[in-house]
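Undergrad: There's a structure below that I have some questions on.
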Number of protein chains: 2
Amino acid sequence: MITEAQAPAVPLTSPVRIILVDDHAIVRHGLRSILEREEDLEVVGEASTAAEAMAVIERTRPAIALLDLKLSTAADTEGLDLCAELTERHPDLAVLVLTTFLDDSLVAAAIQHGARGYVVKDVDTTELLRAIRAVARNESAFDSRSAAAMVRSMRVKTDPQPAKATFTERELRVLELLAHGLSNRVIGAKLYISETTVKFHVRNIMRKLDASSRAEAVYEASKMGVI
Amino acid sequence: MITEAQAPAVPLTSPVRIILVDDHAIVRHGLRSILEREEDLEVVGEASTAAEAMAVIERTRPAIALLDLKLSTAADTEGLDLCAELTERHPDLAVLVLTTFLDDSLVAAAIQHGARGYVVKDVDTTELLRAIRAVARNESAFDSRSAAAMVRSMRVKTDPQPAKATFTERELRVLELLAHGLSNRVIGAKLYISETTVKFHVRNIMRKLDASSRAEAVYEASKMGVI
DNA sequence: AGTGCACCTGACCGATCGGACAGGTCGGCG
DNA sequence: CGCCGACCTGTCCGATCGGTCAGGTGCACT
């Protein structure tokens, strides 16, 4: 482990082409002045709206888009939607979200909308450059607080199994077939047991999940990741 | 945005107490020599097995545990289990996973087992120190490749919505109640529509989801995140 | 040997579902 | 205007479900 060198700004190849998407001109200018000091980075375009961003990217073909999720004063949806559209239309484009506020759910949402990284605006310059170079290398990057937010949002996705029901082998197998909409009779045929036995298991499953129907049982089981 | 200072090693408070958990003595010594050069960090213990780690932590009460998930030649489970046990028994302890191999599912698993960060062993020294200081600040840290792995594992959890069905307002409402195991009659009462109408909606939902029963419909809808 | 648990089975019955008819209103659109 | 889609309603019927009886076996633990 442990090599030297801290992401040098030596342009071994052509510089990384970057566009800035932010509704505030001041922010764009600030970013541009920071990035232009680096020899391996090149700002090739700016945009202040979603439509403009699409057009500029179409024309300039950047490797990276620095995207503020809060375009306009409207909901976050606009930035997220743009993020999804960009990554879908341009699979090679790396979107690095650079935004003002840190919202746990927003970090996860951005990732699921195709973002390659997430950095809040008040990180120091070296952090930002590190993130940019990481996504340029086709990797990912988060500042430490965003990483914490992502960790939190990942945990709540799977941790909540407080009073987790415990199932026998047979019940799990029945549950699985239950989820695929099979009738008791068909489940019995598949497991080489009688319809009556299937009903026995189904009732135990429903009891353990506190469900009043097979549909609810499937819902609860699915929610807690059993199936 | 943008401040100066790149995580200085000035001990404003008492140094961060760290223990090293790795089955290779050489690795522990290497880490120790690196960390001891930093004034704000202090290695207060080492352990090579899970049991030893528990004991040492019990005694030395460190703020951070650098943990190699691959203890012994056995499965990854041992490291993960230790990780879960540590974070459960010592909520204030920050576990930073420092391991040799990068496995997409392992990163996500580590987080869900309570790890605060994940770093592969071949990152450079500054990256490692940055990660340690981040978790010491109660934040999170990942090297860029681990971050990429986590992004991938987050995406597969939710992205698969290829042929996503589209539902009307009414259908979504019905679907929701359906998942809670309500009968057509009760759903009708709740929505102030007749039981017949509910059956109408339910059949449309099942058709759109290619399901043969309400249970399967609930399963498919749950799987694709509609409910 | 007794106890518990997972698992299996049968019969019975009312409630519900799933699917098939055959309609209706309302708003938007060419 | 007619057409379409979302939404709403009814009736009929066989299949299925959910729940309740009352049993059975095999295995593990004490």
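Note on naming: chains are A, B, ... as they come in the structure tokens, residues start from 1 per chain, ligands start from 1 in the order shown.
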Skipping near chain neighbours, those fewer than 5 positions away, what residues fall within 9 Å of His24 (chain A) using only C-alpha atoms (C1' of nucleotides), listed as a list in words?
TA: His29, Ser48 and Leu71 of chain A
Undergrad: With C-alpha atoms retained, export the selected residues as a tab-separated table (two decimals), in the first residue's frame.
TA:
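Saved the output as again.tsv:
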```tsv
chain	number	residue	atom	x	y	z
A	29	HIS	CA	-17.54	32.66	-12.66
A	48	SER	CA	-28.05	28.26	-16.32
A	71	LEU	CA	-31.84	25.28	-10.81
```
Undergrad: With DSSP run on the backbone, what are the helix (DSSP H, G or I) residues within region 68-208 of chain A? I'd like them as an MDAnalysis selection string.
TA: chainID A and resid 77:89 104:112 125:136 144:158 169:179 184:191 195:208
Undergrad: Taking C-alpha atoms for each residue, export the selection above as a PDB file, in the first residue's frame.
TA:
```
ATOM      1  CA  THR A  77     -37.007  17.720  -9.265  1.00  0.00           C
ATOM      2  CA  GLU A  78     -35.743  19.877 -12.091  1.00  0.00           C
ATOM      3  CA  GLY A  79     -32.089  19.277 -11.292  1.00  0.00           C
ATOM      4  CA  LEU A  80     -32.664  15.594 -10.674  1.00  0.00           C
ATOM      5  CA  ASP A  81     -34.576  15.168 -13.883  1.00  0.00           C
ATOM      6  CA  LEU A  82     -31.864  16.945 -15.811  1.00  0.00           C
ATOM      7  CA  CYS A  83     -29.306  14.697 -14.159  1.00  0.00           C
ATOM      8  CA  ALA A  84     -31.213  11.589 -15.218  1.00  0.00           C
ATOM      9  CA  GLU A  85     -31.696  12.861 -18.750  1.00  0.00           C
ATOM     10  CA  LEU A  86     -28.063  13.816 -19.156  1.00  0.00           C
ATOM     11  CA  THR A  87     -26.685  10.499 -17.969  1.00  0.00           C
ATOM     12  CA  GLU A  88     -29.173   8.605 -20.064  1.00  0.00           C
ATOM     13  CA  ARG A  89     -28.540  10.514 -23.267  1.00  0.00           C
ATOM     14  CA  ASP A 104     -29.686  13.081   3.000  1.00  0.00           C
ATOM     15  CA  SER A 105     -32.361  11.965   0.621  1.00  0.00           C
ATOM     16  CA  LEU A 106     -31.071  14.289  -2.082  1.00  0.00           C
ATOM     17  CA  VAL A 107     -27.676  12.616  -2.148  1.00  0.00           C
ATOM     18  CA  ALA A 108     -29.171   9.184  -2.634  1.00  0.00           C
ATOM     19  CA  ALA A 109     -31.647  10.525  -5.169  1.00  0.00           C
ATOM     20  CA  ALA A 110     -28.852  12.154  -7.172  1.00  0.00           C
ATOM     21  CA  ILE A 111     -26.923   8.897  -7.337  1.00  0.00           C
ATOM     22  CA  GLN A 112     -29.977   7.024  -8.433  1.00  0.00           C
ATOM     23  CA  THR A 125     -10.648  23.952  -3.338  1.00  0.00           C
ATOM     24  CA  THR A 126      -8.465  20.876  -3.060  1.00  0.00           C
ATOM     25  CA  GLU A 127     -11.474  18.752  -2.152  1.00  0.00           C
ATOM     26  CA  LEU A 128     -13.372  19.988  -5.165  1.00  0.00           C
ATOM     27  CA  LEU A 129     -10.461  19.370  -7.513  1.00  0.00           C
ATOM     28  CA  ARG A 130      -9.960  15.937  -6.040  1.00  0.00           C
ATOM     29  CA  ALA A 131     -13.598  15.118  -6.713  1.00  0.00           C
ATOM     30  CA  ILE A 132     -13.429  16.401 -10.270  1.00  0.00           C
ATOM     31  CA  ARG A 133     -10.337  14.379 -11.047  1.00  0.00           C
ATOM     32  CA  ALA A 134     -11.863  11.281  -9.497  1.00  0.00           C
ATOM     33  CA  VAL A 135     -14.965  11.401 -11.661  1.00  0.00           C
ATOM     34  CA  ALA A 136     -12.771  12.199 -14.657  1.00  0.00           C
ATOM     35  CA  SER A 144     -17.027  13.791   3.765  1.00  0.00           C
ATOM     36  CA  ARG A 145     -20.381  15.229   4.742  1.00  0.00           C
ATOM     37  CA  SER A 146     -22.080  14.012   1.597  1.00  0.00           C
ATOM     38  CA  ALA A 147     -20.558  10.612   2.192  1.00  0.00           C
ATOM     39  CA  ALA A 148     -22.046  10.650   5.668  1.00  0.00           C
ATOM     40  CA  ALA A 149     -25.419  11.564   4.205  1.00  0.00           C
ATOM     41  CA  MET A 150     -25.205   8.691   1.767  1.00  0.00           C
ATOM     42  CA  VAL A 151     -24.243   6.290   4.513  1.00  0.00           C
ATOM     43  CA  ARG A 152     -27.270   7.373   6.500  1.00  0.00           C
ATOM     44  CA  SER A 153     -29.612   6.985   3.566  1.00  0.00           C
ATOM     45  CA  MET A 154     -28.185   3.553   2.820  1.00  0.00           C
ATOM     46  CA  ARG A 155     -28.704   2.425   6.370  1.00  0.00           C
ATOM     47  CA  VAL A 156     -32.348   3.370   6.618  1.00  0.00           C
ATOM     48  CA  LYS A 157     -32.948   1.403   3.441  1.00  0.00           C
ATOM     49  CA  THR A 158     -32.096  -1.882   5.049  1.00  0.00           C
ATOM     50  CA  GLU A 169     -37.285 -22.909   5.203  1.00  0.00           C
ATOM     51  CA  ARG A 170     -40.668 -24.055   4.031  1.00  0.00           C
ATOM     52  CA  GLU A 171     -42.317 -20.756   4.763  1.00  0.00           C
ATOM     53  CA  LEU A 172     -39.698 -18.865   2.803  1.00  0.00           C
ATOM     54  CA  ARG A 173     -40.248 -21.109  -0.173  1.00  0.00           C
ATOM     55  CA  VAL A 174     -44.010 -20.662   0.071  1.00  0.00           C
ATOM     56  CA  LEU A 175     -43.576 -16.917   0.490  1.00  0.00           C
ATOM     57  CA  GLU A 176     -41.564 -16.771  -2.676  1.00  0.00           C
ATOM     58  CA  LEU A 177     -44.200 -18.569  -4.724  1.00  0.00           C
ATOM     59  CA  LEU A 178     -46.887 -16.537  -2.987  1.00  0.00           C
ATOM     60  CA  ALA A 179     -45.261 -13.354  -4.254  1.00  0.00           C
ATOM     61  CA  ASN A 184     -52.418 -22.534  -2.940  1.00  0.00           C
ATOM     62  CA  ARG A 185     -53.107 -25.461  -5.230  1.00  0.00           C
ATOM     63  CA  VAL A 186     -50.299 -24.601  -7.641  1.00  0.00           C
ATOM     64  CA  ILE A 187     -47.854 -23.909  -4.821  1.00  0.00           C
ATOM     65  CA  GLY A 188     -48.699 -27.306  -3.412  1.00  0.00           C
ATOM     66  CA  ALA A 189     -48.049 -28.944  -6.764  1.00  0.00           C
ATOM     67  CA  LYS A 190     -44.697 -27.198  -7.067  1.00  0.00           C
ATOM     68  CA  LEU A 191     -43.581 -28.172  -3.586  1.00  0.00           C
ATOM     69  CA  GLU A 195     -53.131 -27.600  -0.902  1.00  0.00           C
ATOM     70  CA  THR A 196     -54.094 -27.891   2.733  1.00  0.00           C
ATOM     71  CA  THR A 197     -50.492 -27.771   3.822  1.00  0.00           C
ATOM     72  CA  VAL A 198     -49.899 -24.708   1.732  1.00  0.00           C
ATOM     73  CA  LYS A 199     -52.784 -22.998   3.471  1.00  0.00           C
ATOM     74  CA  PHE A 200     -51.223 -23.997   6.772  1.00  0.00           C
ATOM     75  CA  HIS A 201     -47.964 -22.315   5.848  1.00  0.00           C
ATOM     76  CA  VAL A 202     -49.644 -19.282   4.369  1.00  0.00           C
ATOM     77  CA  ARG A 203     -51.568 -18.723   7.547  1.00  0.00           C
ATOM     78  CA  ASN A 204     -48.411 -18.981   9.623  1.00  0.00           C
ATOM     79  CA  ILE A 205     -46.703 -16.508   7.323  1.00  0.00           C
ATOM     80  CA  MET A 206     -49.589 -14.083   7.630  1.00  0.00           C
ATOM     81  CA  ARG A 207     -49.596 -14.452  11.386  1.00  0.00           C
ATOM     82  CA  LYS A 208     -45.867 -13.752  11.638  1.00  0.00           C
TER      83      LYS A 208
END
```
Undergrad: Distance CA of Lys223 (chain A)-C1' of DC17 (chain D), one decimal place?
TA: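 Calculated distance between CA of Lys223 (chain A) and C1' of DC17 (chain D) is 23.0 Å.
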Undergrad: Which chain D residues have any atom within 12 Å of an atom of region 1-13 of chain C, and for each, what is the nearest pair of atoms with distance in Å to one decimal, counting only C-alpha atoms (C1' of nucleotides), rows sorted by chain and number, as a tab-separated table?
TA:
```
residue	atom	partner	partner_atom	distance
D:DC17	C1'	C:DC13	C1'	11.5
D:DG18	C1'	C:DC13	C1'	10.5
D:DG19	C1'	C:DC13	C1'	9.3
D:DT20	C1'	C:DC12	C1'	8.5
D:DC21	C1'	C:DC12	C1'	8.3
D:DA22	C1'	C:DG10	C1'	8.6
D:DG23	C1'	C:DT9	C1'	8.0
D:DG24	C1'	C:DT9	C1'	7.0
D:DT25	C1'	C:DC8	C1'	7.5
D:DG26	C1'	C:DC7	C1'	8.7
D:DC27	C1'	C:DC5	C1'	8.9
D:DA28	C1'	C:DC5	C1'	8.9
D:DC29	C1'	C:DG4	C1'	8.6
D:DT30	C1'	C:DT3	C1'	8.6
```
Undergrad: Put those residues in a file: N, CA and C atoms (P, O5', C5', C4', C3', O3' and C1' of nucleotides), as an mmCIF file, in the first residue's frame.
TA:
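Everything below was put into part.cif:
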```cif
data_model
loop_
_atom_site.group_PDB
_atom_site.id
_atom_site.type_symbol
_atom_site.label_atom_id
_atom_site.label_comp_id
_atom_site.auth_asym_id
_atom_site.auth_seq_id
_atom_site.Cartn_x
_atom_site.Cartn_y
_atom_site.Cartn_z
ATOM 1 P P DC D 17 -55.827 -19.428 -3.720
ATOM 2 O "O5'" DC D 17 -56.559 -18.634 -2.554
ATOM 3 C "C5'" DC D 17 -57.007 -17.308 -2.803
ATOM 4 C "C4'" DC D 17 -57.730 -16.753 -1.586
ATOM 5 C "C3'" DC D 17 -56.968 -16.913 -0.266
ATOM 6 O "O3'" DC D 17 -57.014 -15.679 0.410
ATOM 7 C "C1'" DC D 17 -59.160 -17.816 -0.086
ATOM 8 P P DG D 18 -55.938 -15.356 1.560
ATOM 9 O "O5'" DG D 18 -56.781 -15.610 2.893
ATOM 10 C "C5'" DG D 18 -57.922 -14.814 3.150
ATOM 11 C "C4'" DG D 18 -58.662 -15.324 4.373
ATOM 12 C "C3'" DG D 18 -57.759 -15.701 5.552
ATOM 13 O "O3'" DG D 18 -58.320 -15.117 6.726
ATOM 14 C "C1'" DG D 18 -59.177 -17.517 4.991
ATOM 15 P P DG D 19 -57.524 -15.214 8.117
ATOM 16 O "O5'" DG D 19 -58.389 -16.286 8.932
ATOM 17 C "C5'" DG D 19 -59.809 -16.179 8.947
ATOM 18 C "C4'" DG D 19 -60.404 -17.465 9.476
ATOM 19 C "C3'" DG D 19 -59.612 -18.114 10.624
ATOM 20 O "O3'" DG D 19 -60.388 -18.043 11.817
ATOM 21 C "C1'" DG D 19 -60.377 -19.718 9.022
ATOM 22 P P DT D 20 -59.840 -18.653 13.201
ATOM 23 O "O5'" DT D 20 -60.543 -20.080 13.284
ATOM 24 C "C5'" DT D 20 -61.944 -20.208 13.011
ATOM 25 C "C4'" DT D 20 -62.313 -21.671 12.958
ATOM 26 C "C3'" DT D 20 -61.597 -22.517 14.003
ATOM 27 O "O3'" DT D 20 -62.470 -22.723 15.120
ATOM 28 C "C1'" DT D 20 -61.737 -23.615 11.838
ATOM 29 P P DC D 21 -61.989 -23.570 16.383
ATOM 30 O "O5'" DC D 21 -62.652 -24.990 16.111
ATOM 31 C "C5'" DC D 21 -61.870 -26.170 16.245
ATOM 32 C "C4'" DC D 21 -62.530 -27.260 15.428
ATOM 33 C "C3'" DC D 21 -61.904 -28.636 15.614
ATOM 34 O "O3'" DC D 21 -62.609 -29.344 16.622
ATOM 35 C "C1'" DC D 21 -62.050 -28.095 13.298
ATOM 36 P P DA D 22 -61.838 -30.140 17.737
ATOM 37 O "O5'" DA D 22 -61.292 -31.406 16.953
ATOM 38 C "C5'" DA D 22 -62.078 -32.078 15.982
ATOM 39 C "C4'" DA D 22 -61.143 -32.923 15.145
ATOM 40 C "C3'" DA D 22 -60.065 -33.602 15.997
ATOM 41 O "O3'" DA D 22 -60.019 -35.015 15.835
ATOM 42 C "C1'" DA D 22 -59.134 -32.540 14.083
ATOM 43 P P DG D 23 -59.175 -35.844 16.963
ATOM 44 O "O5'" DG D 23 -57.677 -35.366 16.715
ATOM 45 C "C5'" DG D 23 -56.660 -36.323 16.531
ATOM 46 C "C4'" DG D 23 -56.335 -36.476 15.055
ATOM 47 C "C3'" DG D 23 -54.918 -36.941 14.789
ATOM 48 O "O3'" DG D 23 -54.845 -38.365 14.864
ATOM 49 C "C1'" DG D 23 -55.537 -35.134 13.339
ATOM 50 P P DG D 24 -53.564 -39.033 15.564
ATOM 51 O "O5'" DG D 24 -52.470 -38.998 14.404
ATOM 52 C "C5'" DG D 24 -52.677 -39.769 13.203
ATOM 53 C "C4'" DG D 24 -51.698 -39.307 12.157
ATOM 54 C "C3'" DG D 24 -50.227 -39.425 12.563
ATOM 55 O "O3'" DG D 24 -49.731 -40.717 12.224
ATOM 56 C "C1'" DG D 24 -50.663 -37.302 11.534
ATOM 57 P P DT D 25 -48.427 -41.260 12.989
ATOM 58 O "O5'" DT D 25 -47.281 -40.461 12.249
ATOM 59 C "C5'" DT D 25 -46.953 -40.709 10.869
ATOM 60 C "C4'" DT D 25 -45.807 -39.806 10.472
ATOM 61 C "C3'" DT D 25 -44.474 -40.164 11.128
ATOM 62 O "O3'" DT D 25 -43.552 -40.576 10.140
ATOM 63 C "C1'" DT D 25 -44.954 -37.821 11.312
ATOM 64 P P DG D 26 -42.238 -41.321 10.611
ATOM 65 O "O5'" DG D 26 -41.194 -40.134 10.873
ATOM 66 C "C5'" DG D 26 -40.798 -39.297 9.796
ATOM 67 C "C4'" DG D 26 -39.934 -38.165 10.318
ATOM 68 C "C3'" DG D 26 -38.762 -38.632 11.187
ATOM 69 O "O3'" DG D 26 -37.575 -38.017 10.735
ATOM 70 C "C1'" DG D 26 -40.038 -36.978 12.324
ATOM 71 P P DC D 27 -36.148 -38.571 11.297
ATOM 72 O "O5'" DC D 27 -35.464 -37.285 11.920
ATOM 73 C "C5'" DC D 27 -35.898 -35.983 11.538
ATOM 74 C "C4'" DC D 27 -35.659 -34.987 12.662
ATOM 75 C "C3'" DC D 27 -34.517 -35.359 13.615
ATOM 76 O "O3'" DC D 27 -33.689 -34.240 13.817
ATOM 77 C "C1'" DC D 27 -36.456 -34.866 14.831
ATOM 78 P P DA D 28 -32.190 -34.466 14.392
ATOM 79 O "O5'" DA D 28 -32.035 -33.281 15.445
ATOM 80 C "C5'" DA D 28 -32.840 -32.107 15.315
ATOM 81 C "C4'" DA D 28 -33.065 -31.505 16.695
ATOM 82 C "C3'" DA D 28 -31.963 -31.821 17.714
ATOM 83 O "O3'" DA D 28 -31.698 -30.666 18.487
ATOM 84 C "C1'" DA D 28 -34.029 -32.516 18.568
ATOM 85 P P DC D 29 -30.405 -30.551 19.424
ATOM 86 O "O5'" DC D 29 -30.921 -29.667 20.642
ATOM 87 C "C5'" DC D 29 -32.275 -29.211 20.653
ATOM 88 C "C4'" DC D 29 -32.884 -29.416 22.037
ATOM 89 C "C3'" DC D 29 -31.867 -29.659 23.171
ATOM 90 O "O3'" DC D 29 -32.179 -28.799 24.249
ATOM 91 C "C1'" DC D 29 -33.549 -31.298 23.220
ATOM 92 P P DT D 30 -31.277 -28.764 25.620
ATOM 93 O "O5'" DT D 30 -32.126 -29.595 26.667
ATOM 94 C "C5'" DT D 30 -33.549 -29.398 26.778
ATOM 95 C "C4'" DT D 30 -34.090 -30.212 27.939
ATOM 96 C "C3'" DT D 30 -33.074 -30.516 29.046
ATOM 97 O "O3'" DT D 30 -33.692 -30.410 30.319
ATOM 98 C "C1'" DT D 30 -33.968 -32.539 28.221
#
```
Undergrad: Find, counting only C-alpha atoms (C1' of nucleotides), the residue in B:Ile26, B:Ser213, B:Leu35, B:Ile193 that gets nearest to chain C.
TA: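 Under the stated criterion, the closest residue is B:Ser213.
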Undergrad: Given the choices A:Tyr219, A:Ser194, A:Asp124, A:Asp23, which gets closest to chain C if the distance is worked out from only C-alpha atoms (C1' of nucleotides)?
TA: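 Of all the options, A:Ser194 lies closest to chain C.
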Undergrad: From a DSSP pass on the backbone, collect the residues of region 46-190 of chain B flagged as strand (DSSP E or B) and hand them back as a list in words.
TA: Glu46, Ala47, Ile64, Ala65, Leu66, Leu67, Ala94, Val95, Leu96, Val97, Leu98, Thr99, Gly117, Tyr118, Val119, Val120, Ala141 and Phe142 of chain B
Undergrad: So how many Å separate CA of Ile18 (chain B) and CA of Glu42 (chain B), to one decimal?
TA: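 Pair CA of Ile18 (chain B) / CA of Glu42 (chain B) returns 5.9 Å.
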Undergrad: Tell me, in Å to one decimal, how far CA of Gly181 (chain B) is from C1' of DC21 (chain C).
TA: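 We find that CA of Gly181 (chain B) and C1' of DC21 (chain C) lie 27.8 Å from each other.
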Undergrad: Would you give me, as CSV, each residue of chain C having an atom within 10 Å of an atom of chain B, along with its shortest atom pair and that distance in Å to one decimal, using only C-alpha atoms (C1' of nucleotides) and sorting by chain and residue number?
TA:
```
residue,atom,partner,partner_atom,distance
C:DT16,C1',B:Ser183,CA,7.6
C:DC17,C1',B:Asn184,CA,8.7
C:DG18,C1',B:Arg203,CA,8.0
C:DG19,C1',B:Arg203,CA,8.9
```
Undergrad: In terms of the shortest atom-to-atom distance over only C-alpha atoms, which of B:Leu20, B:Ala65, B:Val120, B:Val56 is closest to chain A?
TA: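 The answer is B:Val120, which sits nearest to chain A.
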Undergrad: Define the interface residues of chain D facing chain B as those within 8 Å, counting only C-alpha atoms (C1' of nucleotides), and report them as a PDB file with C-alpha atoms (C1' of nucleotides), in the first residue's frame.
TA:
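Just written: out-v9.pdb:
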```pdb
ATOM      1  C1'  DA D   6     -60.082   7.767 -17.140  1.00  0.00           C
ATOM      2  C1'  DC D   8     -67.584   4.796 -12.525  1.00  0.00           C
ATOM      3  C1'  DT D   9     -71.494   1.016 -12.006  1.00  0.00           C
ATOM      4  C1'  DG D  10     -74.209  -3.261 -12.184  1.00  0.00           C
TER       5       DG D  10
END
```
Undergrad: Can you pull out the residues contacting DC4 (chain D)? Cut-off 12 Å, using only C-alpha atoms (C1' of nucleotides), and skip same-chain residues under 6 positions away; I want them as a PDB file with N, CA and C atoms (P, O5', C5', C4', C3', O3' and C1' of nucleotides), in the first residue's frame.
TA:
```pdb
ATOM      1  P    DC C  26     -72.064  14.047 -16.147  1.00  0.00           P
ATOM      2  O5'  DC C  26     -70.551  14.409 -16.488  1.00  0.00           O
ATOM      3  C5'  DC C  26     -69.561  14.217 -15.495  1.00  0.00           C
ATOM      4  C4'  DC C  26     -68.177  14.279 -16.126  1.00  0.00           C
ATOM      5  C3'  DC C  26     -67.927  15.498 -17.021  1.00  0.00           C
ATOM      6  O3'  DC C  26     -67.048  16.393 -16.348  1.00  0.00           O
ATOM      7  C1'  DC C  26     -67.037  13.464 -17.946  1.00  0.00           C
ATOM      8  P    DG C  27     -66.911  17.896 -16.893  1.00  0.00           P
ATOM      9  O5'  DG C  27     -65.508  17.834 -17.621  1.00  0.00           O
ATOM     10  C5'  DG C  27     -64.337  17.483 -16.893  1.00  0.00           C
ATOM     11  C4'  DG C  27     -63.222  17.129 -17.856  1.00  0.00           C
ATOM     12  C3'  DG C  27     -62.867  18.237 -18.846  1.00  0.00           C
ATOM     13  O3'  DG C  27     -61.481  18.496 -18.805  1.00  0.00           O
ATOM     14  C1'  DG C  27     -63.287  16.191 -19.990  1.00  0.00           C
ATOM     15  P    DG C  28     -60.863  19.640 -19.700  1.00  0.00           P
ATOM     16  O5'  DG C  28     -60.172  18.790 -20.863  1.00  0.00           O
ATOM     17  C5'  DG C  28     -59.142  17.861 -20.534  1.00  0.00           C
ATOM     18  C4'  DG C  28     -58.633  17.183 -21.785  1.00  0.00           C
ATOM     19  C3'  DG C  28     -58.165  18.129 -22.889  1.00  0.00           C
ATOM     20  O3'  DG C  28     -56.977  17.620 -23.471  1.00  0.00           O
ATOM     21  C1'  DG C  28     -59.858  16.710 -23.732  1.00  0.00           C
ATOM     22  P    DC C  29     -56.176  18.520 -24.516  1.00  0.00           P
ATOM     23  O5'  DC C  29     -56.481  17.851 -25.942  1.00  0.00           O
ATOM     24  C5'  DC C  29     -56.465  16.430 -26.093  1.00  0.00           C
ATOM     25  C4'  DC C  29     -56.774  16.078 -27.538  1.00  0.00           C
ATOM     26  C3'  DC C  29     -56.420  17.177 -28.549  1.00  0.00           C
ATOM     27  O3'  DC C  29     -55.876  16.607 -29.727  1.00  0.00           O
ATOM     28  C1'  DC C  29     -58.715  16.657 -28.710  1.00  0.00           C
ATOM     29  P    DG C  30     -55.139  17.521 -30.759  1.00  0.00           P
ATOM     30  O5'  DG C  30     -55.710  17.065 -32.183  1.00  0.00           O
ATOM     31  C5'  DG C  30     -55.643  15.708 -32.576  1.00  0.00           C
ATOM     32  C4'  DG C  30     -56.708  15.427 -33.623  1.00  0.00           C
ATOM     33  C3'  DG C  30     -56.615  16.307 -34.866  1.00  0.00           C
ATOM     34  O3'  DG C  30     -56.949  15.543 -36.015  1.00  0.00           O
ATOM     35  C1'  DG C  30     -58.728  16.609 -33.845  1.00  0.00           C
TER      36       DG C  30
END
```
Undergrad: Between B:Ala94, B:Ala53, B:Val27, B:Ile19, which one has atoms that come closest to chain A, using only C-alpha atoms?
TA: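 Closest to chain A of all the choices is B:Val27.
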Undergrad: Could you check the closest approach to chain A for each of B:Pro62, B:Glu36, B:Gly30, B:Ala165 and tell me which residue wins, using only C-alpha atoms?
TA: B:Gly30
